[in-house]
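A short write-up of the structure that comes next.
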Amino acid sequence: MSPVTRRSSFPKVLIERDSDSEQSSSEEELEEEEILHHEQNGFTENEKTQKLELGFDVNRKGKTPITIALKKVCKVCKKPGHEAGFKGATYIDCPMKPCFLCKTPGHTTLNCPHRVTSEHGVIPAPRRKTSKPLEYVFERQLRNDIPSMKPKNVIPDQVNCAVIRYHSRRITSLEFHPTKNNILLSGDKKGQLGVWDFEKVHEKVVYGNIHSCILNNMRFNPTNDCMVYSASSDGTISCTDLETGISSAPMNLNPDGWQGPNTWKMLYGMDINCEKGLVLVADNFGFLHLVDMRSNHRNSDAVLIHKKGSKVTGIHCNPLQPDILLTCGNDHYARIWDMRRLEAGSSLCNLAHTRVVNSAYFSPLSGNKILTTSQDNRLRIWDSIFSNMESPSREIVHSHDFNRHLTPFKAEWDPKDPSESLAVVGRYISENFNGAALHPIDFIDISTGQLVAEVMDPNITTISPVNKLHPRDDILATGSSRSLFIWKPKEKSEPVEEKDERKFVDCGKAEKKRKKKGDHSDESDDEGISKLKKFKSKAKQTEWKLSRCSTKDNC
DNA sequence: ACTAAATGAGCCC
DNA sequence: TGGGCTCCCTTTAG
């Protein structure tokens, strides 16, 4: 819902005596701050200042009546004269702070040079000019040889079906089934694993006993697509049978349980080296661990691959040469490694960023390009891992600033794009779309920095940091808060027939209540549904076909 | 219609 | 190197 009217209740009082130097400034979120003055203090009148007479002081001995000044101050910089926050569905930045989008001072998001109406935040940084021979060869010869086959991008821009409040906590990872086109796996902050058949919509299950906290990453076993490996902040790798939900833990880095935050290991980045039959996984202390898939046991010792004590956020094996490894982490680097010579400090290449790197991926087909997402609000692209890697070929300003309460944003390649230039990434800052503040999902041509498409739906009011494009079909899967959405292209959308209409499965509290009552009629007065109806009327959308949870799962 | 809490990185000392 | 504080568009449960 759009944050239209945000009124605070009667403001709390901050009392400032003239002799009192101590301030209790715990009320940071106050839009209005009161300063209590004696009248003789004589503050300057402000248009936004109100005065109140206070009676209680009159009774005090020798004290004159005092007045209260209600001064509107900016909630960001605490200074008067301007206010930051939502005006309707548009967020007004604090002008005293650097631009929220590109992080440079002197302007706000509204007039940021990286923000154009049609190309929000995605103007490419100028391509660096080098006179390096390799670069020259690349530009003059190789680049021309690369077929500029850029078929028109097919953008899945319309929500086809959804499971609302499917998970009990926010979604942290998504993975399409490698062979079954209609199966989507989802992991959440609680460690639960969801398996959803989005063609049948109702067919879904959530396994709740695989991990005890954040499920950060999933990979299918390349030799048995019924088994899936998952890496979790509980410090374990699990291997789960999707049919039964039975899982084993080939690795547990916290065998002695909780001994405090200094020793608790969490697993983030994970990938599989098919040739070697290895699961590669990295922890929050900078170490890489290996699990042999055949024996399902840990393999050799851990190797320090990022700054000691810092989190490794991602691992990706090169699609053509799985021995070439790309990692990224909280030490502000993405690093390239050779598995055959893996020891601390032996990285082939270190790609510097100014802030934490959320993800780093080789391009999906040739493995020749690299795309990284960093918390400095920039996507970085290296066009060829065989050319000069000192600085990225392109930097694209894009709002995906990290908020600690969100799953980190990761720009993902389109695995179907033969030109390896299309990427999808959720956007953090909202845009005013017909009166609703929505956070679109951006499709970006990373070879130019152009925003190809921004997709949104008035029903998705939460931020969508987790996105995955289908390996074969024109489908986008989105994890937004606790809900999952499947997008398909508008032009390919089925005609409006009853059975083909978009589908919503609501697994929320209201739905549970309704199921308890044994009421399965579509006419029932349902909190979740009436909420949806509100959305609908607001968005002037066509009627959504609401399908119901009929399974006995624990969603 | 509220609010507290969950929670992580950066920065300063 | 580490504790303590701060933080601009969150989300939800209660």
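Residues are named by chain letter and number: chains run A, B, ... in the order of the structure tokens, numbers start at 1 in each chain, and ligands are numbered from 1 in the order shown.
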
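Excluding stretch 5-8 of chain C and any residue on its chain fewer than 5 positions from it, the residues at most 10 Å away by only C-alpha atoms (C1' of nucleotides) are Lys75, Val76, Cys77, Ala84, Gly85, Tyr91, Ile92, Asp93, Cys94, Lys97, Cys99, Phe100, Asn403 and Arg404 of chain A; DA9, DG10, DC11 and DC12 of chain B.
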
Expected answer as a PyMOL selection string: chain C residues within 9 Å of chain A, only C-alpha atoms (C1' of nucleotides):
chain C and resi 8-11

Taking a cut-off of 8 Å and counting only C-alpha atoms (C1' of nucleotides), can you build a table that, for each residue of chain B near chain A, reports the nearest atom pair and how far apart they are in Å (one decimal), sorted by chain then residue number, as CSV?
```
residue,atom,partner,partner_atom,distance
B:DA6,C1',A:His405,CA,7.4
B:DT7,C1',A:Arg404,CA,6.0
B:DG8,C1',A:Arg404,CA,5.3
```

Tell me which protein, DNA and RNA residues are within 7 Å of A:Lys189, counting only C-alpha atoms (C1' of nucleotides), leaving out same-chain ones fewer than 3 positions away, and put them as a VMD selection string.
chain A and resid 169 to 172 213 to 215

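Pairwise distance (atom CA of A:Lys369, atom CA of A:Phe485) equals 28.7 Å.
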
For A:Lys308: contacts at 10 Å, only C-alpha atoms (C1' of nucleotides), fewer than 2 positions along chain excluded, given as number ranges by chain
A: 284-287, 304-306, 310-312, 331

Excluding same-chain residues fewer than 4 positions from B:DC13, what lies within 12 Å of it counting only C-alpha atoms (C1' of nucleotides), as a short mmCIF file (atom, residue, chain, number, x, y, z; two decimals) with all heavy atoms, in the first residue's frame?
```cif
data_model
loop_
_atom_site.label_atom_id
_atom_site.label_comp_id
_atom_site.auth_asym_id
_atom_site.auth_seq_id
_atom_site.Cartn_x
_atom_site.Cartn_y
_atom_site.Cartn_z
P DT C 1 43.78 -6.65 13.13
OP1 DT C 1 43.29 -7.61 12.16
OP2 DT C 1 43.20 -5.33 13.05
"O5'" DT C 1 43.67 -7.51 14.52
"C5'" DT C 1 44.10 -7.08 15.79
"C4'" DT C 1 42.93 -6.52 16.60
"O4'" DT C 1 42.97 -5.08 16.52
"C3'" DT C 1 41.55 -6.95 16.12
"O3'" DT C 1 40.98 -7.78 17.13
"C2'" DT C 1 40.77 -5.65 15.87
"C1'" DT C 1 41.63 -4.58 16.54
N1 DT C 1 41.66 -3.26 15.84
C2 DT C 1 41.62 -2.13 16.62
O2 DT C 1 41.54 -2.15 17.83
N3 DT C 1 41.66 -0.95 15.91
C4 DT C 1 41.75 -0.81 14.53
O4 DT C 1 41.78 0.30 14.01
C5 DT C 1 41.79 -2.03 13.77
C7 DT C 1 41.89 -1.98 12.28
C6 DT C 1 41.74 -3.18 14.45
P DG C 2 39.64 -7.94 17.67
OP1 DG C 2 39.57 -9.19 18.44
OP2 DG C 2 38.66 -7.68 16.60
"O5'" DG C 2 39.66 -6.69 18.67
"C5'" DG C 2 39.22 -6.81 20.00
"C4'" DG C 2 38.15 -5.76 20.25
"O4'" DG C 2 38.43 -4.59 19.45
"C3'" DG C 2 36.73 -6.19 19.85
"O3'" DG C 2 35.87 -5.69 20.86
"C2'" DG C 2 36.49 -5.46 18.55
"C1'" DG C 2 37.24 -4.17 18.82
N9 DG C 2 37.58 -3.37 17.66
C8 DG C 2 37.82 -3.79 16.36
N7 DG C 2 38.11 -2.82 15.54
C5 DG C 2 38.06 -1.68 16.34
C6 DG C 2 38.27 -0.32 16.02
O6 DG C 2 38.57 0.16 14.92
N1 DG C 2 38.12 0.50 17.13
C2 DG C 2 37.80 0.07 18.39
N2 DG C 2 37.68 1.02 19.33
N3 DG C 2 37.59 -1.19 18.71
C4 DG C 2 37.74 -2.01 17.64
P DG C 3 34.75 -6.57 21.39
OP1 DG C 3 35.26 -7.73 22.14
OP2 DG C 3 33.85 -6.76 20.25
"O5'" DG C 3 34.06 -5.56 22.40
"C5'" DG C 3 34.82 -4.59 23.11
"C4'" DG C 3 34.16 -3.21 23.00
"O4'" DG C 3 34.56 -2.58 21.77
"C3'" DG C 3 32.62 -3.25 22.98
"O3'" DG C 3 32.18 -2.18 23.79
"C2'" DG C 3 32.28 -3.02 21.51
"C1'" DG C 3 33.41 -2.10 21.08
N9 DG C 3 33.73 -2.10 19.66
C8 DG C 3 33.84 -3.19 18.82
N7 DG C 3 34.17 -2.87 17.60
C5 DG C 3 34.30 -1.50 17.63
C6 DG C 3 34.63 -0.58 16.59
O6 DG C 3 34.89 -0.83 15.41
N1 DG C 3 34.64 0.73 17.03
C2 DG C 3 34.36 1.13 18.32
N2 DG C 3 34.42 2.44 18.58
N3 DG C 3 34.05 0.29 19.31
C4 DG C 3 34.03 -1.00 18.88
P DG C 4 30.78 -2.17 24.42
OP1 DG C 4 30.92 -2.23 25.88
OP2 DG C 4 29.97 -3.16 23.69
"O5'" DG C 4 30.27 -0.73 24.01
"C5'" DG C 4 31.19 0.35 23.78
"C4'" DG C 4 30.57 1.32 22.79
"O4'" DG C 4 31.03 1.02 21.45
"C3'" DG C 4 29.04 1.27 22.72
"O3'" DG C 4 28.58 2.60 22.65
"C2'" DG C 4 28.76 0.51 21.43
"C1'" DG C 4 29.92 1.00 20.57
N9 DG C 4 30.26 0.16 19.43
C8 DG C 4 30.22 -1.22 19.36
N7 DG C 4 30.59 -1.68 18.20
C5 DG C 4 30.88 -0.54 17.46
C6 DG C 4 31.34 -0.41 16.12
O6 DG C 4 31.57 -1.31 15.29
N1 DG C 4 31.52 0.92 15.75
C2 DG C 4 31.29 1.99 16.59
N2 DG C 4 31.51 3.20 16.07
N3 DG C 4 30.87 1.88 17.83
C4 DG C 4 30.69 0.60 18.20
P DC C 5 27.12 2.97 23.05
OP1 DC C 5 27.15 3.67 24.34
OP2 DC C 5 26.29 1.76 22.87
"O5'" DC C 5 26.74 3.99 21.91
"C5'" DC C 5 27.72 4.90 21.40
"C4'" DC C 5 27.48 5.09 19.91
"O4'" DC C 5 27.95 3.96 19.17
"C3'" DC C 5 26.01 5.27 19.54
"O3'" DC C 5 25.88 6.54 18.95
"C2'" DC C 5 25.72 4.13 18.56
"C1'" DC C 5 27.12 3.80 18.04
N1 DC C 5 27.30 2.43 17.51
C2 DC C 5 27.77 2.26 16.20
O2 DC C 5 28.02 3.26 15.52
N3 DC C 5 27.96 1.01 15.72
C4 DC C 5 27.69 -0.05 16.49
N4 DC C 5 27.88 -1.25 15.97
C5 DC C 5 27.21 0.10 17.82
C6 DC C 5 27.02 1.34 18.29
#
```

Return as number ranges by chain the full set of residues in stretch 106-301 of chain A whose backbone-based DSSP assignment is alpha helix (DSSP H).
A: 133-137, 143-145

Writer output for current selection, C-alpha atoms, as a compact mmCIF listing (two decimals), in the first residue's frame:
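What follows is the written file result26.txt:
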```txt
# COMPACT_ATOMS: atom_id res chain seq x y z
CA PRO A 133 47.34 -3.55 -26.97
CA LEU A 134 44.97 -6.24 -25.79
CA GLU A 135 42.20 -3.77 -25.39
CA TYR A 136 42.92 -2.47 -28.85
CA VAL A 137 42.87 -5.96 -30.30
CA ARG A 143 34.54 -7.48 -30.69
CA ASN A 144 33.72 -7.32 -34.37
CA ASP A 145 33.87 -11.07 -34.58
```
